[in-house]
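A.B. asks: Pasting protein-v6.csv here (CSV, C-alpha atoms):
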chain,number,residue,atom,x,y,z
A,1,MET,CA,2.5,-13.7,11.9
A,2,THR,CA,2.2,-16.2,14.7
A,3,ALA,CA,-0.7,-18.0,16.5
A,4,SER,CA,-0.6,-19.6,19.8
A,5,THR,CA,-3.5,-21.9,20.7
A,6,SER,CA,-3.5,-24.4,23.6
A,7,GLY,CA,0.2,-23.9,24.0
A,8,ASN,CA,1.0,-24.4,20.3
A,9,HIS,CA,3.1,-21.9,18.4
A,10,ASN,CA,3.0,-21.6,14.7
A,11,PHE,CA,5.9,-19.9,12.9
A,12,LYS,CA,6.6,-19.3,9.3
A,13,ILE,CA,10.3,-19.4,8.1
A,14,VAL,CA,11.4,-18.4,4.7
A,15,LEU,CA,14.7,-19.5,3.1
A,16,LEU,CA,16.2,-16.9,0.7
A,17,GLY,CA,19.4,-16.8,-1.3
A,18,GLU,CA,21.0,-17.2,-4.7
A,19,GLY,CA,20.4,-20.4,-6.8
A,20,ALA,CA,22.6,-23.4,-6.0
A,21,VAL,CA,23.7,-22.2,-2.5
A,22,GLY,CA,21.9,-25.2,-1.0
A,23,LYS,CA,18.6,-23.9,0.4
A,24,THR,CA,16.7,-26.9,-0.7
A,25,SER,CA,19.4,-29.3,0.6
A,26,ILE,CA,19.3,-27.5,4.0
A,27,VAL,CA,15.6,-27.8,4.5
A,28,LEU,CA,15.4,-31.4,3.2
A,29,ARG,CA,18.2,-32.4,5.5
A,30,TYR,CA,16.5,-30.8,8.5
A,31,VAL,CA,12.9,-32.0,7.9
A,32,GLU,CA,13.5,-35.4,6.2
A,33,ASP,CA,17.2,-36.1,6.9
A,34,LYS,CA,17.9,-36.5,3.2
A,35,PHE,CA,20.6,-35.2,0.9
A,36,ASN,CA,20.9,-35.3,-2.9
A,37,ASP,CA,24.2,-34.6,-4.6
A,38,LYS,CA,22.5,-33.4,-7.7
A,39,HIS,CA,21.4,-29.8,-7.8
A,40,LEU,CA,17.6,-29.5,-7.7
A,41,SER,CA,16.3,-26.1,-8.8
A,42,THR,CA,13.3,-24.9,-6.9
A,43,LEU,CA,10.6,-23.5,-9.1
A,44,GLN,CA,9.0,-20.5,-7.4
A,45,ALA,CA,8.5,-22.0,-3.8
A,46,SER,CA,7.6,-25.0,-1.8
A,47,PHE,CA,7.2,-25.6,1.9
A,48,LEU,CA,7.7,-28.3,4.4
A,49,ASN,CA,6.4,-28.6,8.0
A,50,LYS,CA,8.4,-29.6,11.1
A,51,LYS,CA,7.0,-30.1,14.5
A,52,LEU,CA,9.2,-29.9,17.6
A,53,ASN,CA,9.1,-29.3,21.3
A,54,VAL,CA,11.3,-26.5,22.7
A,55,GLY,CA,11.4,-26.1,26.5
A,56,GLY,CA,8.0,-27.8,26.9
A,57,LYS,CA,6.5,-25.6,24.1
A,58,ARG,CA,5.0,-27.3,21.1
A,59,VAL,CA,6.1,-25.5,17.9
A,60,ASN,CA,5.1,-26.0,14.3
A,61,LEU,CA,7.4,-24.6,11.7
A,62,ALA,CA,6.2,-23.9,8.1
A,63,ILE,CA,9.5,-23.7,6.2
A,64,TRP,CA,9.3,-22.0,2.8
A,65,ASP,CA,12.0,-22.8,0.3
A,66,THR,CA,12.1,-20.2,-2.4
A,67,ALA,CA,13.7,-20.2,-5.9
A,68,GLY,CA,17.0,-18.4,-6.1
A,69,GLN,CA,17.0,-17.6,-9.8
A,70,GLU,CA,16.9,-13.9,-10.6
A,71,LYS,CA,13.7,-14.2,-12.6
A,72,PHE,CA,11.9,-15.3,-9.5
A,73,HIS,CA,13.3,-12.5,-7.3
A,74,ALA,CA,10.2,-10.3,-7.8
A,75,LEU,CA,8.1,-13.0,-6.2
A,76,GLY,CA,10.0,-12.8,-3.0
A,77,PRO,CA,7.5,-10.5,-1.1
A,78,ILE,CA,4.7,-13.0,-1.8
A,79,TYR,CA,6.6,-15.7,0.2
A,80,TYR,CA,8.4,-13.8,2.9
A,81,ARG,CA,5.5,-11.6,4.1
A,82,MET,CA,4.1,-12.6,7.4
A,83,SER,CA,7.3,-14.6,8.1
A,84,ASN,CA,8.5,-14.9,11.7
A,85,GLY,CA,12.0,-16.0,10.6
A,86,ALA,CA,14.3,-15.7,7.6
A,87,VAL,CA,17.2,-18.0,6.8
A,88,LEU,CA,19.5,-16.1,4.3
A,89,VAL,CA,21.9,-18.7,2.7
A,90,TYR,CA,25.1,-18.1,0.9
A,91,ASP,CA,27.8,-20.5,-0.4
A,92,ILE,CA,31.2,-20.0,1.4
A,93,THR,CA,32.9,-20.6,-2.0
A,94,ASP,CA,30.9,-17.9,-3.8
A,95,GLU,CA,31.5,-14.3,-3.1
A,96,ASP,CA,28.5,-13.1,-5.2
A,97,SER,CA,26.1,-15.2,-3.2
A,98,PHE,CA,27.2,-13.5,0.0
A,99,GLN,CA,26.7,-10.0,-1.6
A,100,LYS,CA,23.2,-11.0,-2.6
A,101,VAL,CA,22.4,-11.9,1.1
A,102,LYS,CA,23.1,-8.2,1.9
A,103,ASN,CA,20.3,-7.2,-0.6
A,104,TRP,CA,17.9,-9.6,1.1
A,105,VAL,CA,18.7,-8.2,4.5
A,106,LYS,CA,17.9,-4.6,3.3
A,107,GLU,CA,14.7,-5.8,1.7
A,108,LEU,CA,13.5,-7.7,4.7
A,109,LYS,CA,14.2,-4.9,7.1
A,110,LYS,CA,12.5,-2.4,4.8
A,111,MET,CA,9.4,-4.5,4.5
A,112,LEU,CA,9.1,-6.2,7.9
A,113,GLY,CA,11.3,-4.1,10.2
A,114,GLN,CA,12.1,-5.7,13.6
A,115,ASP,CA,9.2,-8.2,13.4
A,116,ILE,CA,11.3,-10.8,11.8
A,117,CYS,CA,14.3,-12.9,13.2
A,118,ILE,CA,17.1,-13.0,10.6
A,119,VAL,CA,19.9,-15.6,10.5
A,120,ILE,CA,22.7,-15.6,7.9
A,121,VAL,CA,24.0,-19.0,7.0
A,122,GLY,CA,27.2,-20.0,5.2
A,123,ASN,CA,26.6,-23.4,3.6
A,124,LYS,CA,29.0,-26.0,2.2
A,125,THR,CA,31.6,-26.0,5.0
A,126,ASP,CA,32.6,-29.4,3.6
A,127,LEU,CA,34.4,-27.3,0.9
A,128,GLU,CA,36.4,-25.3,3.5
A,129,LYS,CA,39.5,-25.6,1.4
A,130,ASP,CA,37.8,-23.7,-1.4
A,131,ARG,CA,36.4,-20.9,0.9
A,132,ILE,CA,36.3,-17.5,-0.6
A,133,VAL,CA,34.1,-15.6,1.8
A,134,PRO,CA,36.2,-14.8,5.0
A,135,LEU,CA,34.5,-16.1,8.2
A,136,GLU,CA,35.4,-12.9,10.0
A,137,LEU,CA,33.8,-10.7,7.4
A,138,ALA,CA,30.6,-12.7,7.4
A,139,GLU,CA,30.4,-12.7,11.2
A,140,GLN,CA,31.1,-8.9,11.3
A,141,TYR,CA,28.4,-8.2,8.8
A,142,ALA,CA,25.8,-10.3,10.6
A,143,LYS,CA,26.6,-8.5,13.9
A,144,GLN,CA,26.3,-5.2,12.2
A,145,VAL,CA,22.8,-5.9,11.0
A,146,GLY,CA,21.6,-7.5,14.2
A,147,ALA,CA,21.5,-11.1,12.8
A,148,LYS,CA,22.9,-14.4,13.9
A,149,HIS,CA,25.6,-16.1,11.7
A,150,TYR,CA,25.9,-19.9,11.3
A,151,LEU,CA,28.1,-22.3,9.4
A,152,VAL,CA,26.5,-25.5,8.1
A,153,SER,CA,27.0,-28.3,5.7
A,154,ALA,CA,23.8,-29.9,4.4
A,155,LYS,CA,26.0,-32.6,2.8
A,156,LEU,CA,27.6,-33.7,6.1
A,157,ASN,CA,24.5,-32.8,8.2
A,158,ARG,CA,26.6,-30.3,10.2
A,159,GLY,CA,25.0,-27.5,12.1
A,160,ILE,CA,21.5,-27.8,10.6
A,161,GLU,CA,19.7,-28.9,13.8
A,162,GLU,CA,21.4,-26.2,15.8
A,163,LEU,CA,20.6,-23.6,13.3
A,164,PHE,CA,16.8,-24.2,13.3
A,165,LEU,CA,16.7,-24.8,17.1
A,166,GLU,CA,18.3,-21.5,17.9
A,167,LEU,CA,16.1,-19.7,15.3
A,168,THR,CA,13.0,-21.2,16.9
A,169,GLN,CA,14.2,-20.0,20.3
A,170,LEU,CA,14.7,-16.5,18.9
A,171,MET,CA,11.1,-16.5,17.4
A,172,LEU,CA,9.6,-17.8,20.7
A,173,HIS,CA,11.4,-15.0,22.6
A,174,LYS,CA,10.2,-12.4,20.0
A,175,ALA,CA,6.6,-13.7,20.3
A,176,GLU,CA,6.7,-13.5,24.1
A,177,GLU,CA,8.0,-9.9,23.9
A,178,GLN,CA,5.2,-8.9,21.5
A,179,SER,CA,2.6,-10.6,23.7
A,180,LYS,CA,3.8,-8.6,26.8
A,181,LEU,CA,3.7,-5.4,24.8
A,182,LYS,CA,0.1,-6.1,23.8
A,183,GLU,CA,-0.9,-6.9,27.4
A,184,ASN,CA,0.8,-3.7,28.7
A,185,ALA,CA,-1.0,-1.6,26.0
A,186,LEU,CA,-4.3,-3.1,26.9
A,187,SER,CA,-3.7,-2.6,30.6
A,188,ARG,CA,-2.8,1.0,30.0
A,189,GLY,CA,-5.9,1.5,27.9
A,190,GLY,CA,-8.1,0.0,30.6
A,191,SER,CA,-6.6,2.2,33.3
A,192,LEU,CA,-7.3,5.3,31.2
A,193,LYS,CA,-10.9,4.3,30.7
A,194,ARG,CA,-11.4,3.8,34.4
A,195,ASN,CA,-9.7,7.2,35.1
A,196,VAL,CA,-12.1,8.9,32.7
A,197,LEU,CA,-15.1,7.3,34.4
A,198,ILE,CA,-13.8,8.3,37.8
A,199,VAL,CA,-13.2,11.9,36.6
A,200,ASP,CA,-16.7,12.1,35.1
A,201,ASP,CA,-18.3,10.8,38.4
A,202,GLU,CA,-16.3,13.4,40.4
A,203,GLU,CA,-17.3,16.1,38.0
A,204,GLU,CA,-20.9,15.1,38.3
A,205,ASN,CA,-20.8,15.2,42.1
A,206,ASN,CA,-19.0,18.5,42.1
A,207,SER,CA,-21.6,20.0,39.7
A,208,SER,CA,-24.4,18.7,42.0
A,209,GLN,CA,-22.8,20.2,45.0
A,210,ARG,CA,-22.4,23.5,43.2
A,211,ARG,CA,-26.0,23.5,42.2
A,212,LYS,CA,-27.1,22.9,45.8
A,213,CYS,CA,-24.9,25.6,47.1
A,214,CYS,CA,-26.0,28.2,44.6
A,215,GLY,CA,-29.6,27.3,44.4
A,216,GLY,CA,-30.3,26.6,48.1
A,217,PRO,CA,-32.1,29.1,50.5
A,218,SER,CA,-30.0,32.0,51.7
A,219,HIS,CA,-29.7,32.5,55.4
Before we go any further, please render this structure as structure tokens.
C.D. replies:
Amino acid sequence: MTASTSGNHNFKIVLLGEGAVGKTSIVLRYVEDKFNDKHLSTLQASFLNKKLNVGGKRVNLAIWDTAGQEKFHALGPIYYRMSNGAVLVYDITDEDSFQKVKNWVKELKKMLGQDICIVIVGNKTDLEKDRIVPLELAEQYAKQVGAKHYLVSAKLNRGIEELFLELTQLMLHKAEEQSKLKENALSRGGSLKRNVLIVDDEEENNSSQRRKCCGGPSH
């Protein structure tokens, strides 16, 4: 899921959510600092790269923007497998889009377990006066499923940088945890092998001593 070579970290992020919630607008604002008022439907999926430096660590993000239309839902697993992070986007003025986020959370946890960092994002805060999804409800749900919740506006470029920076920090932390677990596992495996060898040597010595004792001349 992630590779670290010469201090470089490569992470894959997938954006999931209903159509028209602003997934493409969010990723375009983050990577290219562009915004288009016209809705652009994503066909299947596309991805953009973003390089950044976080605490002296060089990071490359491959950000996959997926189609939100129902007919493309079955293709989801093709795009989110091997992902390190998932950005689940809903429109704060659309209750149904928030309910669909819950379906994605269940699916990701079922398929990837604890290996993926999930963030839930309420987009279009520039339309706060038309909000339908209560902030408290969204934050409570995110906490309940162990995810982070963010509010952003791709149109006003509000909260986008912070969202991806904090997600990257979460993925770095997760990668470090997994690396330590592997090192500990290898260390335990090495110790066990050495113990087996030591035991074998001792058994061999004991057997030799027993043979000398039993087979030696009697006095």
A.B. asks: List the spatial neighbours of region 141-143 of chain A as an MDAnalysis selection string - criterion: any atom at most 12 Å away, all atoms listed in the file, same-chain residues fewer than 3 positions off excluded.
C.D. replies: chainID A and resid 88 98:99 101:102 105 118:122 133:138 146:150
A.B. asks: Please work out which residues fall within 12 Å of (17.9, -33.4, 15.7), coordinates as given in the file, with only C-alpha atoms counting, and return them as a list in words.
C.D. replies: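 Residues lying no farther than 12 Å from the given point: Arg29, Tyr30, Val31, Glu32, Asp33, Lys50, Lys51, Leu52, Asn53, Val54, Asn157, Arg158, Gly159, Ile160, Glu161, Glu162, Leu163, Phe164 and Leu165 of chain A.
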A.B. asks: Figure out the distance between CA of Ile78 (chain A) and CA of Glu166 (chain A), please, to one decimal in Å.
C.D. replies: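 About the pair CA of Glu166 (chain A) and CA of Ile78 (chain A): they are 25.4 Å apart.
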A.B. asks: Mind pulling up the distance from CA of Thr168 (chain A) to CA of Arg58 (chain A)?
C.D. replies: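 Computing it gives 10.9 Å between the two atoms.
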A.B. asks: Pick out the residues sitting within 10 Å of Asn36 (chain A), and hand them over as a ChimeraX atom specification; count only C-alpha atoms, and ignore anything fewer than 6 positions along from it in its own chain.
C.D. replies: /A:24-25,28-29,154-155
A.B. asks: What does the distance between CA of Thr66 (chain A) and CA of Leu151 (chain A) come to in Å, to one decimal place?
C.D. replies: 20.0 Å
A.B. asks: Name all residues at most 10 Å from Met82 (chain A) (count all atoms listed in the file; drop same-chain ones fewer than 5 positions away) and give them as a VMD selection string.
C.D. replies: chain A and resid 1 to 2 11 to 14 77 112 115 to 116
A.B. asks: Near Leu48 (chain A), counting only C-alpha atoms, which residues have an atom at most 9 Å away, once you skip same-chain residues fewer than 4 positions from it, shown as a ChimeraX atom specification?
C.D. replies: /A:27-28,31,61-65
A.B. asks: For each of A:Cys117, A:Val59, A:Val21, A:Ile26, take the minimum atom-to-atom distance to Ile92 (chain A), counting all atoms listed in the file, then give the residue where this is smallest.
C.D. replies: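 With all atoms listed in the file as the atom set, the closest residue is A:Val21.
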